[in-house]
file model.cif (mmCIF, C-alpha atoms)
data_target
loop_
_atom_site.label_atom_id
_atom_site.label_comp_id
_atom_site.auth_asym_id
_atom_site.auth_seq_id
_atom_site.Cartn_x
_atom_site.Cartn_y
_atom_site.Cartn_z
CA MET T 1027 128.62 122.62 23.71
CA ALA T 1028 128.49 118.92 24.66
CA ILE T 1029 126.05 117.06 22.41
CA VAL T 1030 125.03 113.66 23.74
CA GLY T 1031 124.92 112.10 20.27
CA ALA T 1032 123.63 108.57 19.81
CA PHE T 1033 121.88 107.32 22.94
CA THR T 1034 123.76 104.05 23.50
CA ASN T 1035 124.99 103.70 27.08
CA ALA T 1036 122.61 105.27 29.60
CA PHE T 1037 122.56 104.70 33.35
CA VAL T 1038 119.51 103.47 35.33
CA LEU T 1039 119.55 103.01 39.10
CA VAL T 1040 116.33 101.81 40.77
CA ASN T 1041 116.25 101.60 44.56
CA ALA T 1042 120.08 101.26 44.61
CA VAL T 1043 120.05 98.46 41.98
CA ASP T 1044 121.91 99.19 38.73
CA LEU T 1045 119.65 97.98 35.90
CA SER T 1046 121.53 99.83 33.15
CA ASN T 1047 122.41 96.65 31.25
CA HIS T 1048 118.68 95.89 30.80
CA GLY T 1049 117.47 99.39 29.85
CA ARG T 1050 116.14 100.25 26.36
CA GLU T 1051 114.40 103.61 26.79
CA ILE T 1052 114.30 106.38 29.37
CA HIS T 1053 111.72 109.15 29.56
CA THR T 1054 111.79 111.93 32.13
CA ALA T 1055 108.77 114.19 32.39
CA GLU T 1056 107.93 117.25 34.45
CA SER T 1057 104.85 119.37 33.98
CA ARG T 1058 102.62 121.86 35.76
CA ALA T 1059 98.84 121.82 35.79
CA PRO T 1060 97.31 125.00 34.35
CA VAL T 1061 95.20 127.01 36.79
CA ASP T 1062 92.63 129.28 35.17
CA VAL T 1063 92.76 132.78 36.69
CA THR T 1064 90.67 134.50 33.99
CA ALA T 1065 88.62 137.37 35.40
CA PHE T 1066 85.53 139.12 34.07
CA GLY T 1067 86.32 141.42 31.18
CA SER T 1068 89.26 139.36 29.90
CA SER T 1069 89.56 138.81 26.16
CA TYR T 1070 91.75 135.73 26.58
CA THR T 1071 92.06 132.91 29.07
CA GLN T 1072 94.75 133.63 31.63
CA GLU T 1073 96.56 130.82 33.38
CA LEU T 1074 99.13 130.36 36.09
CA LYS T 1075 101.18 127.29 36.84
CA GLY T 1076 99.64 124.98 39.43
CA LEU T 1077 100.89 121.80 41.04
CA GLY T 1078 103.69 119.92 39.36
CA GLU T 1079 103.95 116.33 38.22
CA ALA T 1080 107.20 114.42 37.79
CA SER T 1081 107.91 110.96 36.46
CA ILE T 1082 110.62 108.72 35.08
CA THR T 1083 109.58 105.90 32.76
CA VAL T 1084 112.02 103.18 31.77
CA THR T 1085 111.60 100.34 29.29
CA PHE T 1086 113.59 97.26 30.27
CA LEU T 1087 114.44 93.98 28.60
CA GLN T 1088 112.80 91.56 31.03
CA ASP T 1089 114.91 89.27 33.22
CA PHE T 1090 113.53 87.03 35.99
CA ALA T 1091 116.92 86.24 37.57
CA ALA T 1092 117.52 87.11 41.23
CA GLY T 1093 118.61 90.73 41.64
CA SER T 1094 117.53 91.67 38.12
CA VAL T 1095 114.54 93.45 36.56
CA HIS T 1096 111.53 91.49 37.86
CA ALA T 1097 113.06 90.81 41.29
CA THR T 1098 113.74 94.54 41.69
CA LEU T 1099 110.52 95.99 40.27
CA GLN T 1100 107.71 93.61 41.25
CA PRO T 1101 107.98 94.19 45.04
CA LEU T 1102 107.99 97.96 44.48
CA LEU T 1103 104.56 97.89 42.84
CA ALA T 1104 102.90 96.72 46.08
CA SER T 1105 104.87 99.11 48.28
CA ASN T 1106 104.04 102.69 49.22
CA THR T 1107 107.52 103.28 50.63
CA PRO T 1108 109.27 105.96 48.56
CA ILE T 1109 112.46 104.96 46.77
CA ALA T 1110 115.02 106.77 44.62
CA VAL T 1111 115.43 106.42 40.86
CA GLU T 1112 118.37 107.93 39.00
CA VAL T 1113 118.97 108.12 35.26
CA ARG T 1114 121.83 109.59 33.22
CA ALA T 1115 122.25 109.93 29.46
CA VAL T 1116 125.72 108.39 29.69
CA ASN T 1117 126.83 105.63 32.06
CA ALA T 1118 129.61 107.73 33.55
CA ALA T 1119 130.09 109.98 36.56
CA ARG T 1120 127.70 112.87 37.16
CA SER T 1121 129.00 116.14 35.74
CA ALA T 1122 127.84 119.41 34.24
CA THR T 1123 127.72 117.66 30.85
CA ASN T 1124 126.22 114.41 32.24
CA PRO T 1125 123.65 115.43 34.86
CA ALA T 1126 121.67 112.81 36.75
CA GLY T 1127 117.89 113.05 36.74
CA VAL T 1128 116.90 111.93 40.23
CA LEU T 1129 113.45 111.34 41.67
CA SER T 1130 114.58 110.92 45.26
CA ASN T 1131 111.08 110.17 46.58
CA CYS T 1132 109.01 108.18 44.13
CA THR T 1133 106.91 105.06 43.88
CA LEU T 1134 106.35 102.57 41.08
CA PHE T 1135 102.91 103.17 39.57
CA SER T 1136 102.88 100.71 36.68
CA TYR T 1137 104.81 97.62 35.68
CA GLN T 1138 103.93 94.69 33.42
CA GLY T 1139 105.67 91.51 34.58
CA ILE T 1140 105.22 89.87 31.18
CA ASP T 1141 104.52 91.87 28.04
CA GLY T 1142 105.20 90.79 24.49
CA ALA T 1143 104.19 88.94 21.37
CA ILE T 1144 105.56 85.90 19.59
CA GLY T 1145 108.98 86.61 18.13
CA ASP T 1146 109.44 89.89 20.05
CA ALA T 1147 112.01 90.65 22.69
CA SER T 1148 110.38 90.53 26.13
CA MET T 1149 110.27 94.19 27.19
CA VAL T 1150 108.47 95.78 30.15
CA GLU T 1151 107.85 99.38 31.11
CA ALA T 1152 108.10 100.82 34.60
CA GLU T 1153 106.67 104.24 35.52
CA PHE T 1154 107.95 105.96 38.65
CA ARG T 1155 106.04 109.03 39.89
CA ASN T 1156 106.70 111.66 42.52
CA ALA T 1157 105.72 110.62 46.08
CA PRO T 1158 105.60 112.55 49.38
CA PRO T 1159 107.68 114.45 50.28
CA GLY T 1160 109.02 114.58 46.71
CA THR T 1161 109.88 117.80 44.97
CA GLY T 1162 110.19 116.61 41.40
CA ILE T 1163 113.23 115.64 39.40
CA SER T 1164 116.53 117.07 40.61
CA TRP T 1165 119.27 117.44 37.99
CA LEU T 1166 122.45 116.70 39.93
CA THR T 1167 125.93 117.33 38.55
CA SER T 1168 127.94 115.90 41.44
#
call {"tool": "encode", "arguments": {"input": "model.cif", "output": "structure tokens"}}
result
Amino acid sequence: MAIVGAFTNAFVLVNAVDLSNHGREIHTAESRAPVDVTAFGSSYTQELKGLGEASITVTFLQDFAAGSVHATLQPLLASNTPIAVEVRAVNAARSATNPAGVLSNCTLFSYQGIDGAIGDASMVEAEFRNAPPGTGISWLTS
């Protein structure tokens, strides 16, 4: 069994821009909406899985330099054109023990250009969500 261990060197690729050296946190989420199919005479609620939701949220240390965090993310907030986001637990090649979580068709739903308090590191969060014709997060090993 390959245990990831301390989370110290993850990989973050946003719209073909490697922002790994500015990343602090990564969260991948997939869920299904419950659909109530309870019929008369049932003693308990019965549910089936409905439509899915998929997202990747990344917290970055802010950087306003050309080609960095703000220059990459800010234009994506105004755009409806789907992009790809890829994250890996370790900044190394994809493999069976280092799969890449990829939202191949997603859009940026939230981003704070400036967020912080006096004395804090300037960190911003970006939330990418599934967009048409997306099919959720793919876990690629090659």
call {"tool": "residues_around", "arguments": {"input": "model.cif", "residues": "T:Ser1046", "least_positions_apart": "4", "cutoff": "10 Å", "atoms": "all atoms listed in the file", "output": "PyMOL selection string"}}
result
chain T and resi 1035-1040+1050+1086+1113-1114+1117
call {"tool": "closest_residue", "arguments": {"input": "model.cif", "among": "T:Leu1166, T:Ile1029, T:Ala1104, T:Ile1140", "to": "T:Ser1121", "atoms": "only C-alpha atoms"}}
result
T:Leu1166
call {"tool": "atom_distance", "arguments": {"input": "model.cif", "atom1": "atom CA of T:Arg1155", "atom2": "atom CA of T:Glu1051"}}
result
16.5 Å
call {"tool": "residues_around", "arguments": {"input": "model.cif", "residues": "T:Leu1102", "least_positions_apart": "6", "cutoff": "10 Å", "atoms": "all atoms listed in the file", "output": "ChimeraX atom specification"}}
result
/T:1040-1041,1096,1108-1109,1133-1137,1154
call {"tool": "atom_distance", "arguments": {"input": "model.cif", "atom1": "atom CA of T:Lys1075", "atom2": "atom CA of T:Glu1153"}}
result
23.7 Å
call {"tool": "closest_residue", "arguments": {"input": "model.cif", "among": "T:Gly1049, T:Gly1139, T:Gly1162, T:Gly1093", "to": "T:Ser1081", "atoms": "all atoms listed in the file"}}
result
T:Gly1162
call {"tool": "build_atoms", "arguments": {"input": "model.cif", "residues": "stretch 1096-1111 of chain T", "atoms": "N, CA and C atoms", "output": "tab-separated table (two decimals), in the frame of the given file"}}
result
chain	number	residue	atom	x	y	z
T	1096	HIS	N	112.77	91.87	37.18
T	1096	HIS	CA	111.53	91.49	37.86
T	1096	HIS	C	111.71	91.46	39.38
T	1097	ALA	N	112.81	90.90	39.85
T	1097	ALA	CA	113.06	90.81	41.29
T	1097	ALA	C	113.18	92.19	41.94
T	1098	THR	N	113.62	93.17	41.17
T	1098	THR	CA	113.74	94.54	41.69
T	1098	THR	C	112.42	95.28	41.62
T	1099	LEU	N	111.72	95.17	40.49
T	1099	LEU	CA	110.52	95.99	40.27
T	1099	LEU	C	109.24	95.45	40.90
T	1100	GLN	N	108.99	94.15	40.81
T	1100	GLN	CA	107.71	93.61	41.25
T	1100	GLN	C	107.38	93.95	42.70
T	1101	PRO	N	108.31	93.83	43.66
T	1101	PRO	CA	107.98	94.19	45.04
T	1101	PRO	C	107.66	95.68	45.22
T	1102	LEU	N	108.22	96.52	44.36
T	1102	LEU	CA	107.99	97.96	44.48
T	1102	LEU	C	106.57	98.35	44.10
T	1103	LEU	N	105.92	97.57	43.27
T	1103	LEU	CA	104.56	97.89	42.84
T	1103	LEU	C	103.58	97.81	44.01
T	1104	ALA	N	103.80	96.89	44.93
T	1104	ALA	CA	102.90	96.72	46.08
T	1104	ALA	C	103.25	97.65	47.23
T	1105	SER	N	104.38	98.30	47.16
T	1105	SER	CA	104.87	99.11	48.28
T	1105	SER	C	104.53	100.59	48.11
T	1106	ASN	N	104.23	101.24	49.21
T	1106	ASN	CA	104.04	102.69	49.22
T	1106	ASN	C	105.25	103.42	49.78
T	1107	THR	N	106.30	102.68	50.10
T	1107	THR	CA	107.52	103.28	50.63
T	1107	THR	C	108.28	103.96	49.50
T	1108	PRO	N	108.54	105.26	49.62
T	1108	PRO	CA	109.27	105.96	48.56
T	1108	PRO	C	110.69	105.41	48.38
T	1109	ILE	N	111.11	105.39	47.13
T	1109	ILE	CA	112.46	104.96	46.77
T	1109	ILE	C	113.10	106.05	45.92
T	1110	ALA	N	114.33	105.85	45.52
T	1110	ALA	CA	115.02	106.77	44.62
T	1110	ALA	C	115.26	106.09	43.28
T	1111	VAL	N	115.10	106.87	42.21
T	1111	VAL	CA	115.43	106.42	40.86
T	1111	VAL	C	116.33	107.47	40.24
